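File shown here: work11.txt, holding compact mmCIF, C-alpha atoms.
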```txt
# COMPACT_ATOMS: atom_id res chain seq x y z
CA MET A 190 30.29 -64.74 30.46
CA ASP A 191 31.96 -61.68 31.93
CA ASP A 192 33.36 -59.17 29.45
CA ASN A 193 36.54 -58.61 31.44
CA ALA A 194 37.23 -62.30 31.42
CA THR A 195 36.92 -62.41 27.66
CA THR A 196 39.30 -59.52 27.12
CA SER A 197 41.94 -60.87 29.49
CA GLY A 198 42.72 -64.02 27.58
CA GLY A 199 39.44 -65.78 28.04
CA THR A 200 40.57 -68.74 30.08
CA ALA A 201 39.95 -69.45 33.72
CA LEU A 202 43.65 -70.03 34.30
CA ALA A 203 44.65 -66.74 32.64
CA VAL A 204 42.19 -64.75 34.75
CA LEU A 205 43.19 -66.60 37.91
CA VAL A 206 46.90 -66.04 37.30
CA GLU A 207 46.29 -62.37 36.59
CA GLU A 208 44.36 -61.82 39.83
CA ALA A 209 46.68 -63.97 41.95
CA ALA A 210 49.68 -62.07 40.59
CA ARG A 211 48.08 -58.75 41.57
CA ILE A 212 47.55 -59.91 45.13
CA LEU A 213 51.09 -61.31 45.35
CA GLY A 214 52.64 -58.31 43.62
CA ARG A 215 54.46 -60.58 41.20
CA PRO A 216 54.56 -60.68 37.39
CA PRO A 217 51.94 -63.16 36.09
CA GLY A 218 54.67 -64.86 34.07
CA ARG A 219 56.22 -66.18 37.27
CA LEU A 220 53.11 -68.11 38.25
CA GLU A 221 52.59 -71.68 37.10
CA PRO A 222 49.61 -74.04 37.29
CA GLY A 223 51.48 -76.55 39.44
CA GLN A 224 52.30 -74.09 42.19
CA HIS A 225 50.74 -74.74 45.58
CA LEU A 226 48.71 -71.74 46.73
CA GLN A 227 50.02 -71.90 50.28
CA HIS A 228 53.31 -73.80 50.19
CA ASP A 229 54.74 -72.23 47.06
CA LEU A 230 52.98 -68.87 46.76
CA GLY A 231 52.39 -68.04 50.41
CA PHE A 232 48.64 -67.46 50.18
CA ASP A 233 47.02 -67.15 53.60
CA SER A 234 43.33 -67.07 54.49
CA VAL A 235 42.96 -63.30 54.05
CA MET A 236 44.65 -63.46 50.66
CA LEU A 237 42.27 -66.25 49.65
CA LEU A 238 39.33 -64.06 50.67
CA GLN A 239 40.83 -61.25 48.63
CA LEU A 240 41.28 -63.55 45.64
CA LYS A 241 37.68 -64.67 45.88
CA GLY A 242 36.57 -61.02 45.96
CA ARG A 243 38.62 -60.22 42.86
CA LEU A 244 37.35 -63.27 41.01
CA GLU A 245 33.77 -62.33 41.89
CA ALA A 246 34.31 -59.00 40.15
CA ARG A 247 35.40 -60.91 37.03
CA PHE A 248 32.80 -63.68 37.30
CA PRO A 249 29.65 -62.46 39.09
CA VAL A 250 28.33 -66.03 39.20
CA LEU A 251 30.96 -66.71 41.88
CA ARG A 252 29.02 -64.55 44.36
CA GLU A 253 26.67 -67.50 44.74
CA VAL A 254 29.57 -69.84 45.54
CA SER A 255 31.01 -69.91 49.06
CA LEU A 256 34.75 -69.71 49.60
CA PRO A 257 34.77 -73.27 50.98
CA ASP A 258 32.95 -74.60 47.93
CA LEU A 259 35.46 -72.87 45.69
CA LEU A 260 38.53 -74.02 47.59
CA LEU A 261 37.76 -77.33 49.28
CA GLY A 262 40.26 -79.92 48.11
CA VAL A 263 41.98 -77.42 45.82
CA HIS A 264 45.67 -76.77 46.44
CA THR A 265 47.27 -75.54 43.22
CA LEU A 266 46.57 -72.71 40.77
CA GLY A 267 45.80 -75.28 38.10
CA ALA A 268 43.32 -77.12 40.30
CA LEU A 269 41.62 -73.85 41.22
CA ALA A 270 41.41 -72.97 37.53
CA GLY A 271 39.67 -76.30 36.99
CA ARG A 272 37.19 -75.50 39.74
CA LEU A 273 36.64 -72.06 38.19
CA GLU A 274 36.01 -73.64 34.82
CA ARG A 275 33.31 -75.87 36.22
CA THR A 276 31.74 -72.92 38.02
CA THR A 277 31.96 -70.25 35.32
CA GLY A 278 31.95 -72.24 32.12
CA LEU A 279 35.24 -70.76 30.95
CA PRO A 280 37.81 -73.20 29.59
CA VAL A 281 40.91 -73.74 31.72
CA ALA A 282 43.36 -73.08 28.91
CA MET B 47 42.78 -64.52 80.69
CA ARG B 48 45.61 -62.73 78.88
CA PRO B 49 48.02 -64.29 76.37
CA LEU B 50 51.37 -65.18 77.94
CA ARG B 51 54.57 -64.14 76.21
CA ASN B 52 57.19 -66.85 75.66
CA ARG B 53 60.73 -65.79 74.79
CA GLY B 54 62.09 -69.00 73.35
CA PRO B 55 63.02 -72.58 74.23
CA ALA B 56 65.01 -71.48 77.28
CA ASP B 57 62.12 -69.52 78.80
CA SER B 58 60.23 -70.89 81.80
CA TRP B 59 57.01 -72.81 81.22
CA LEU B 60 55.87 -72.25 84.79
CA PRO B 61 53.37 -69.45 83.96
CA VAL B 62 51.75 -71.62 81.29
CA ARG B 63 51.62 -74.66 83.56
CA ARG B 64 50.13 -72.60 86.38
CA GLU B 65 47.48 -71.11 84.13
CA VAL B 66 46.44 -74.46 82.69
CA GLU B 67 46.35 -75.90 86.21
CA SER B 68 44.24 -73.06 87.60
CA SER B 69 41.89 -72.24 84.74
CA GLY B 70 42.34 -75.16 82.37
CA THR B 71 43.24 -72.92 79.44
CA SER B 72 46.24 -70.90 78.32
CA VAL B 73 47.01 -68.85 75.22
CA LEU B 74 50.64 -68.00 74.61
CA TYR B 75 52.56 -66.18 71.94
CA ALA B 76 56.15 -65.91 70.79
CA ALA B 77 58.26 -64.41 68.04
CA VAL B 78 59.12 -66.62 65.07
CA ALA B 79 62.78 -65.66 65.52
CA ASP B 80 62.76 -67.02 69.08
CA TRP B 81 61.79 -70.51 67.89
CA LEU B 82 63.35 -70.76 64.44
CA PRO B 83 66.39 -73.07 64.33
CA ASP B 84 69.48 -71.56 62.69
CA ASP B 85 69.56 -74.38 60.18
CA LEU B 86 66.42 -76.06 58.85
CA GLU B 87 68.62 -78.87 57.50
CA ARG B 88 70.09 -79.67 60.88
CA PRO B 89 70.00 -83.25 62.11
CA GLY B 90 67.34 -83.69 64.74
CA LEU B 91 64.77 -81.42 63.14
CA ALA B 92 63.11 -84.38 61.45
CA ALA B 93 62.70 -86.07 64.83
CA ALA B 94 61.47 -82.85 66.42
CA LEU B 95 58.84 -82.31 63.73
CA GLY B 96 57.84 -85.93 63.22
CA ARG B 97 55.45 -86.35 60.30
CA ASP B 98 55.37 -82.58 59.80
CA HIS B 99 58.93 -82.80 58.47
CA LYS B 100 57.59 -84.31 55.24
CA ARG B 101 55.22 -81.35 54.87
CA LEU B 102 58.13 -78.98 55.44
CA LEU B 103 60.06 -80.55 52.59
CA GLU B 104 57.15 -79.82 50.25
CA MET B 105 57.18 -76.10 51.07
CA ASN B 106 59.05 -73.59 48.94
CA HIS B 107 57.73 -70.34 50.37
CA VAL B 108 60.50 -69.33 52.79
CA PRO B 109 58.46 -67.27 55.31
CA ASN B 110 55.84 -70.02 55.48
CA ARG B 111 58.57 -72.62 56.07
CA SER B 112 59.94 -70.60 58.96
CA ARG B 113 56.56 -70.05 60.57
CA PHE B 114 55.62 -73.68 60.04
CA VAL B 115 58.73 -75.00 61.80
CA ALA B 116 58.75 -72.44 64.62
CA SER B 117 55.05 -72.85 65.39
CA ARG B 118 55.31 -76.65 65.63
CA LEU B 119 58.33 -76.47 67.90
CA LEU B 120 56.57 -73.96 70.15
CA LEU B 121 53.35 -75.96 70.31
CA LYS B 122 55.06 -79.26 71.11
CA SER B 123 57.27 -77.68 73.75
CA ALA B 124 54.35 -75.91 75.43
CA ALA B 125 52.17 -79.01 75.37
CA ALA B 126 55.04 -81.16 76.66
CA ALA B 127 55.62 -78.76 79.54
CA VAL B 128 51.97 -78.94 80.54
CA LEU B 129 51.80 -82.71 80.15
CA GLY B 130 55.13 -83.41 81.85
CA ALA B 131 56.52 -85.03 78.70
CA GLU B 132 59.36 -84.38 76.26
CA PRO B 133 58.46 -82.49 73.05
CA ASP B 134 59.82 -85.29 70.85
CA GLU B 135 57.49 -87.76 72.58
CA LEU B 136 54.48 -85.90 71.21
CA GLU B 137 53.20 -86.33 67.68
CA LEU B 138 51.23 -83.56 66.08
CA ALA B 139 48.60 -85.01 63.76
CA TYR B 140 45.77 -83.49 61.75
CA LYS B 141 42.08 -84.25 61.36
CA PRO B 142 40.68 -84.38 57.81
CA GLY B 143 39.69 -80.69 58.00
CA GLY B 144 43.25 -79.77 59.02
CA ARG B 145 42.61 -79.41 62.76
CA PRO B 146 45.80 -80.22 64.71
CA HIS B 147 45.78 -82.58 67.68
CA LEU B 148 48.29 -84.51 69.74
CA ARG B 149 48.03 -88.13 68.73
CA GLY B 150 47.03 -90.31 71.66
CA VAL B 151 46.68 -87.35 74.03
CA ASP B 152 43.02 -86.81 74.85
CA GLN B 153 43.36 -84.61 77.90
CA LEU B 154 44.81 -81.54 76.18
CA ASP B 155 43.36 -79.80 73.16
CA VAL B 156 45.63 -77.57 71.07
CA SER B 157 45.38 -74.88 68.41
CA LEU B 158 47.97 -72.79 66.63
CA SER B 159 48.19 -69.73 64.45
CA HIS B 160 50.99 -67.75 62.91
CA THR B 161 51.24 -64.59 60.91
CA GLU B 162 54.22 -62.48 59.90
CA GLU B 163 56.61 -62.66 62.91
CA LEU B 164 54.10 -63.93 65.45
CA LEU B 165 53.30 -67.43 66.73
CA VAL B 166 50.24 -68.18 68.87
CA VAL B 167 49.38 -71.43 70.65
CA GLY B 168 46.22 -72.29 72.56
CA LEU B 169 46.03 -75.11 75.11
CA THR B 170 43.01 -76.30 77.07
CA ARG B 171 42.09 -79.20 79.30
CA ASN B 172 38.47 -78.08 79.36
CA GLY B 173 37.17 -79.00 75.93
CA ARG B 174 38.15 -77.36 72.65
CA ILE B 175 40.16 -74.30 71.69
CA GLY B 176 40.81 -72.35 68.52
CA VAL B 177 43.21 -69.42 68.18
CA ASP B 178 43.90 -67.01 65.35
CA ALA B 179 46.19 -64.02 64.84
CA GLU B 180 46.47 -61.30 62.25
CA ASN B 181 48.32 -58.02 61.95
CA ALA B 182 45.85 -55.54 63.44
CA GLY B 183 46.69 -53.06 60.70
CA ARG B 184 46.27 -55.48 57.82
CA ARG B 185 44.00 -53.96 55.23
CA MET B 186 40.77 -55.92 54.89
CA LEU B 187 38.25 -53.13 54.44
CA GLY B 188 37.40 -52.21 50.88
CA LEU B 189 38.90 -55.33 49.30
CA GLY B 190 35.57 -57.09 48.89
CA THR B 191 36.30 -59.18 51.96
CA GLU B 192 33.79 -57.62 54.37
CA ARG B 193 30.84 -58.97 52.42
CA GLN B 194 32.31 -62.46 52.69
CA VAL B 195 33.22 -62.12 56.36
CA CYS B 196 30.35 -60.24 58.02
CA THR B 197 26.72 -60.93 58.81
CA PRO B 198 24.27 -58.12 57.98
CA TYR B 199 24.30 -57.15 61.67
CA GLU B 200 28.09 -57.05 61.74
CA LEU B 201 28.26 -54.98 58.57
CA GLU B 202 26.04 -52.37 60.20
CA ALA B 203 28.08 -52.50 63.39
CA VAL B 204 31.37 -52.13 61.50
CA LEU B 205 30.05 -49.12 59.63
CA ALA B 206 29.01 -47.55 62.94
CA VAL B 207 32.61 -47.68 64.17
CA PRO B 208 34.63 -44.46 63.63
CA ARG B 209 36.35 -44.63 60.26
CA GLU B 210 39.88 -44.81 61.67
CA ARG B 211 39.01 -47.95 63.67
CA ARG B 212 36.79 -49.65 61.12
CA ASN B 213 39.44 -51.81 59.48
CA GLY B 214 40.75 -52.94 62.88
CA GLU B 215 37.24 -53.97 63.83
CA LEU B 216 36.94 -56.08 60.71
CA VAL B 217 40.29 -57.74 61.53
CA ARG B 218 39.02 -58.48 65.05
CA LEU B 219 35.83 -60.09 63.71
CA TRP B 220 37.83 -62.09 61.19
CA THR B 221 40.21 -63.52 63.81
CA LEU B 222 37.25 -64.42 66.06
CA LYS B 223 35.61 -66.29 63.21
CA GLU B 224 38.81 -68.08 62.30
CA ALA B 225 39.37 -69.01 65.96
CA TYR B 226 35.86 -70.39 66.28
CA SER B 227 36.06 -72.33 63.03
CA LYS B 228 39.35 -73.83 64.17
CA ALA B 229 37.83 -74.79 67.53
CA ILE B 230 35.04 -76.74 65.87
CA GLY B 231 37.42 -78.15 63.27
CA GLN B 232 35.92 -76.59 60.20
CA GLY B 233 38.70 -74.29 59.00
CA LEU B 234 37.42 -72.39 56.00
CA ARG B 235 34.73 -74.96 55.35
CA PHE B 236 31.65 -72.88 56.03
CA ARG B 237 30.41 -69.39 55.32
CA PHE B 238 31.52 -66.80 57.84
CA THR B 239 28.33 -64.90 57.17
CA GLU B 240 26.36 -67.62 59.01
CA PHE B 241 27.41 -66.41 62.45
CA GLY B 242 28.72 -63.21 63.95
CA PHE B 243 30.10 -61.55 67.06
CA THR B 244 29.24 -58.59 69.25
CA PRO B 245 30.68 -55.13 68.57
CA GLU B 246 34.01 -54.20 70.11
CA ASP B 247 32.63 -52.40 73.15
CA ARG B 248 30.88 -55.43 74.59
CA GLN B 249 31.96 -58.73 76.10
CA VAL B 250 32.40 -60.95 73.08
CA GLN B 251 29.44 -63.19 72.32
CA MET B 252 28.44 -65.19 69.28
CA LEU B 253 25.41 -63.90 67.42
CA ARG B 254 23.03 -65.09 64.75
CA PRO B 255 23.12 -63.14 61.46
CA ASP B 256 20.35 -60.86 62.79
CA GLY B 257 22.34 -59.99 65.91
CA THR B 258 20.49 -62.14 68.48
CA PRO B 259 22.55 -64.43 70.78
CA GLY B 260 23.73 -67.57 68.99
CA ALA B 261 25.92 -69.74 71.24
CA GLY B 262 25.47 -71.21 74.68
CA TRP B 263 27.36 -70.60 77.91
CA GLU B 264 29.85 -73.32 77.01
CA TRP B 265 31.58 -70.99 74.59
CA SER B 266 33.76 -68.04 75.49
CA PHE B 267 35.46 -65.71 73.05
CA HIS B 268 38.39 -63.38 73.59
CA SER B 269 40.36 -60.84 71.56
CA TRP B 270 43.55 -59.10 72.54
CA LEU B 271 45.95 -56.67 70.94
CA VAL B 272 49.42 -58.20 71.33
CA ASP B 273 52.71 -56.30 71.07
CA ASP B 274 50.69 -53.29 69.89
CA SER B 275 50.63 -54.90 66.45
CA TYR B 276 48.69 -58.15 66.30
CA MET B 277 45.07 -59.00 66.94
CA VAL B 278 44.85 -62.39 68.65
CA SER B 279 41.52 -64.13 69.22
CA ALA B 280 40.57 -67.33 71.00
CA ALA B 281 37.40 -69.40 71.06
CA VAL B 282 37.10 -71.83 73.97
CA TYR B 283 34.49 -74.54 74.39
CA ASP B 284 34.12 -75.66 77.98
CA PRO B 285 31.20 -78.01 78.60
CA GLY B 286 31.91 -77.87 82.34
CA PHE B 287 33.36 -81.31 82.89
CA GLY B 288 35.61 -79.93 85.65
CA GLY B 289 38.80 -80.14 83.64
CA ARG B 290 40.83 -78.02 86.06
CA GLY B 291 43.33 -79.43 88.49
CA PRO B 292 45.38 -82.63 88.66
CA ALA B 293 42.37 -84.91 88.27
CA ALA B 294 41.94 -83.62 84.74
CA ALA B 295 44.90 -85.67 83.57
CA ALA B 296 42.83 -88.79 84.07
CA ARG B 297 39.81 -87.44 82.23
CA PRO B 298 38.62 -89.56 79.31
CA LEU B 299 38.08 -88.59 75.69
CA LEU B 300 37.34 -85.01 74.74
CA PRO B 301 33.66 -84.32 74.14
CA VAL B 302 32.15 -84.14 70.70
CA VAL B 303 31.48 -80.45 70.08
CA PRO B 304 27.98 -79.59 68.89
CA ASP B 305 27.91 -76.93 66.23
CA PRO B 306 25.88 -74.00 67.63
CA ARG B 307 25.11 -72.87 64.10
CA LEU B 308 22.77 -75.85 63.84
CA SER B 309 20.67 -74.64 66.77
CA ALA B 310 20.90 -71.07 65.44
CA ARG B 311 18.97 -71.90 62.30
```
Spit out the file's structure as structure tokens when you get a sec.
Amino acid sequence: MDDNATTSGGTALAVLVEEAARILGRPPGRLEPGQHLQHDLGFDSVMLLQLKGRLEARFPVLREVSLPDLLLGVHTLGALAGRLERTTGLPVA
Amino acid sequence: MRPLRNRGPADSWLPVRREVESSGTSVLYAAVADWLPDDLERPGLAAALGRDHKRLLEMNHVPNRSRFVASRLLLKSAAAAVLGAEPDELELAYKPGGRPHLRGVDQLDVSLSHTEELLVVGLTRNGRIGVDAENAGRRMLGLGTERQVCTPYELEAVLAVPRERRNGELVRLWTLKEAYSKAIGQGLRFRFTEFGFTPEDRQVQMLRPDGTPGAGWEWSFHSWLVDDSYMVSAAVYDPGFGGRGPAAAARPLLPVVPDPRLSAR
């Protein structure tokens, strides 16, 4: 498990929200698990690449996972946190 | 081929029709503001968007809503002009991977992209097309994206570009890869490090990760700087079925596109 992940709340969702908020330039408190990455938050393909890069820095195991494998069928922050949990072993919440 | 500028619903479609008639393919671009209705609640928009109207209602991100509506109106109008139909007669549908197509229309392949204030539409009678656009100045370098986007050969080539043009080169490669993945209907479904493109000073070709040629003559790739601000790329698959001219309207189903990555392995 990555040390940074542990110190930032320790859950996949908390880390994801923190990194997504940085990319969006919004306070993490305004992000919710049910929000659609594209339709609600305005993520585009470059931002998704950026998010993957940031998450890799937190969870090195993600370097072995392709962006498609991480995102396929995933639309919301909560669903992506679930995918992260299965990949990294961190609990969602 | 150069992208054609469209200035809104009242603009002439003649240049687009002529280009599709002569070469089989046209890429056009427009400003979001030129195609955005004053009122997204107005009666008639549901009919104009068809099934996409339901998707619109699920969107809360205002800029995305605007680009979504404007790009669909532009695409349907452009396709209708080429096909000699009315925009409302056409239904934009999506394949499982998200690739758009005109339901029941096999003689014209379409692709669309939008970013910031720009809309881009690709049309071809020849086979398949994918288009992508990005702000040429958008920062991609140094964000951890280049390792996910580039083959080893491309990484070397990008680093060989003068520093002030390096980020722009990465944006160009990214839009080419997006355009190609849209053309074959994969979206973000495969690794972009599995295939690459030639450096900026050469005619664009697809390459294997080691830099050797990777796609056949059926594919052509193009990149343009539009409005001095946006990088627009197109990938066109033309298997040479003679799709140009009036006879093309009667051509049967579009061909199944082989994935050149399979032969590249």
### Task
Check every residue of chain A for an atom within 10 Å of chain B, counting all atoms listed in the file, and provide those that qualify as a ChimeraX atom specification.
/A:224-243,245-246,252,254-262
### Message
What's the separation between atom CA of Val66 of chain B and atom CA of Thr170 of chain B, in Å to one decimal place?
### Response
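Between atom CA of Val66 of chain B and atom CA of Thr170 of chain B the gap is 6.8 Å.
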### Task
Work out how far atom CA of Ala116 of chain B is from atom CA of Trp81 of chain B, in Å to one decimal.
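Interatomic distance here is 4.9 Å.
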### Residues near Ala281 of chain B, cut-off 12 Å, all atoms listed in the file, skip fewer than 2 positions along chain, as JSON, numbers by chain
{"B": [71, 72, 73, 156, 157, 158, 168, 169, 170, 173, 174, 175, 176, 177, 178, 219, 221, 222, 223, 224, 225, 226, 227, 228, 229, 230, 231, 243, 250, 251, 252, 261, 264, 265, 266, 267, 268, 269, 278, 279, 283, 284]}
### Task
Grab the atom CA of Pro217 of chain A to atom CA of His264 of chain A distance for me, in Å with one decimal place.
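Straight-line distance from atom CA of Pro217 of chain A to atom CA of His264 of chain A works out to 18.2 Å.
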## Note on the structure
Restricting to all atoms listed in the file, whichever of B:Leu165, B:Ala92, B:Leu129, B:Leu82 is closest to Glu67 of chain B is B:Leu129
### Task
May I have the residues within 9 Å of Pro133 of chain B as a ChimeraX atom specification, using all atoms listed in the file and disregarding those fewer than 4 positions away in the same chain?
/B:94,119,121-127,137
Neighbouring residues of segment 274-277 of chain A were defined as those with any atom within 12 Å, considering all atoms listed in the file; residues of the same chain fewer than 6 positions away were excluded. Please report them as a short mmCIF file (atom, residue, chain, number, x, y, z; two decimals) with C-alpha atoms, in the frame of the given file.
```cif
data_model
loop_
_atom_site.label_atom_id
_atom_site.label_comp_id
_atom_site.auth_asym_id
_atom_site.auth_seq_id
_atom_site.Cartn_x
_atom_site.Cartn_y
_atom_site.Cartn_z
CA MET A 190 30.29 -64.74 30.46
CA ASP A 191 31.96 -61.68 31.93
CA ALA A 194 37.23 -62.30 31.42
CA GLY A 199 39.44 -65.78 28.04
CA THR A 200 40.57 -68.74 30.08
CA ALA A 201 39.95 -69.45 33.72
CA LEU A 202 43.65 -70.03 34.30
CA ALA A 203 44.65 -66.74 32.64
CA VAL A 204 42.19 -64.75 34.75
CA LEU A 205 43.19 -66.60 37.91
CA LEU A 244 37.35 -63.27 41.01
CA GLU A 245 33.77 -62.33 41.89
CA ARG A 247 35.40 -60.91 37.03
CA PHE A 248 32.80 -63.68 37.30
CA PRO A 249 29.65 -62.46 39.09
CA VAL A 250 28.33 -66.03 39.20
CA LEU A 251 30.96 -66.71 41.88
CA ARG A 252 29.02 -64.55 44.36
CA GLU A 253 26.67 -67.50 44.74
CA VAL A 254 29.57 -69.84 45.54
CA SER A 255 31.01 -69.91 49.06
CA ASP A 258 32.95 -74.60 47.93
CA LEU A 259 35.46 -72.87 45.69
CA LEU A 260 38.53 -74.02 47.59
CA GLY A 267 45.80 -75.28 38.10
CA ALA A 268 43.32 -77.12 40.30
#
```
### Query
Using only C-alpha atoms, which of A:Gly223, A:Leu279, A:Arg215, A:Glu208 sits nearest Leu266 of chain A?
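Among the listed residues, A:Gly223 lies closest to Leu266 of chain A.
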Keeping C-alpha atoms (and nothing else), can you write segment 108-155 of chain B of this structure as an mmCIF file, in the first residue's frame?
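Okay, part_28.cif is ready:
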```
data_model
loop_
_atom_site.group_PDB
_atom_site.id
_atom_site.type_symbol
_atom_site.label_atom_id
_atom_site.label_comp_id
_atom_site.auth_asym_id
_atom_site.auth_seq_id
_atom_site.Cartn_x
_atom_site.Cartn_y
_atom_site.Cartn_z
ATOM 1 C CA VAL B 108 -22.941 23.545 -18.762
ATOM 2 C CA PRO B 109 -20.017 23.791 -21.238
ATOM 3 C CA ASN B 110 -20.387 20.101 -22.072
ATOM 4 C CA ARG B 111 -24.127 20.576 -22.641
ATOM 5 C CA SER B 112 -23.460 23.404 -25.058
ATOM 6 C CA ARG B 113 -20.812 21.518 -27.001
ATOM 7 C CA PHE B 114 -22.956 18.392 -27.049
ATOM 8 C CA VAL B 115 -25.966 20.178 -28.557
ATOM 9 C CA ALA B 116 -24.005 22.333 -31.008
ATOM 10 C CA SER B 117 -21.886 19.442 -32.286
ATOM 11 C CA ARG B 118 -24.932 17.235 -32.963
ATOM 12 C CA LEU B 119 -26.737 20.004 -34.795
ATOM 13 C CA LEU B 120 -23.657 20.700 -36.915
ATOM 14 C CA LEU B 121 -23.063 17.044 -37.724
ATOM 15 C CA LYS B 122 -26.674 16.343 -38.705
ATOM 16 C CA SER B 123 -26.887 19.473 -40.836
ATOM 17 C CA ALA B 124 -23.620 18.731 -42.630
ATOM 18 C CA ALA B 125 -24.537 15.098 -43.231
ATOM 19 C CA ALA B 126 -28.028 16.087 -44.408
ATOM 20 C CA ALA B 127 -26.555 18.574 -46.874
ATOM 21 C CA VAL B 128 -24.294 15.901 -48.336
ATOM 22 C CA LEU B 129 -27.044 13.292 -48.448
ATOM 23 C CA GLY B 130 -29.729 15.627 -49.785
ATOM 24 C CA ALA B 131 -31.894 15.068 -46.713
ATOM 25 C CA GLU B 132 -33.293 17.173 -43.873
ATOM 26 C CA PRO B 133 -31.312 17.150 -40.591
ATOM 27 C CA ASP B 134 -34.351 15.980 -38.605
ATOM 28 C CA GLU B 135 -34.676 12.966 -40.910
ATOM 29 C CA LEU B 136 -31.312 11.666 -39.709
ATOM 30 C CA GLU B 137 -30.855 9.814 -36.451
ATOM 31 C CA LEU B 138 -27.481 9.838 -34.778
ATOM 32 C CA ALA B 139 -26.894 6.539 -32.998
ATOM 33 C CA TYR B 140 -23.920 5.047 -31.189
ATOM 34 C CA LYS B 141 -22.084 1.738 -31.363
ATOM 35 C CA PRO B 142 -21.313 -0.027 -28.061
ATOM 36 C CA GLY B 143 -17.872 1.645 -27.912
ATOM 37 C CA GLY B 144 -19.491 5.065 -28.356
ATOM 38 C CA ARG B 145 -18.752 5.484 -32.068
ATOM 39 C CA PRO B 146 -21.425 7.682 -33.693
ATOM 40 C CA HIS B 147 -23.160 6.677 -36.911
ATOM 41 C CA LEU B 148 -26.235 7.679 -38.863
ATOM 42 C CA ARG B 149 -28.819 4.985 -38.354
ATOM 43 C CA GLY B 150 -29.782 3.356 -41.637
ATOM 44 C CA VAL B 151 -27.277 5.411 -43.643
ATOM 45 C CA ASP B 152 -24.471 3.176 -44.843
ATOM 46 C CA GLN B 153 -22.985 5.375 -47.532
ATOM 47 C CA LEU B 154 -21.640 8.126 -45.269
ATOM 48 C CA ASP B 155 -19.402 7.628 -42.266
#
```
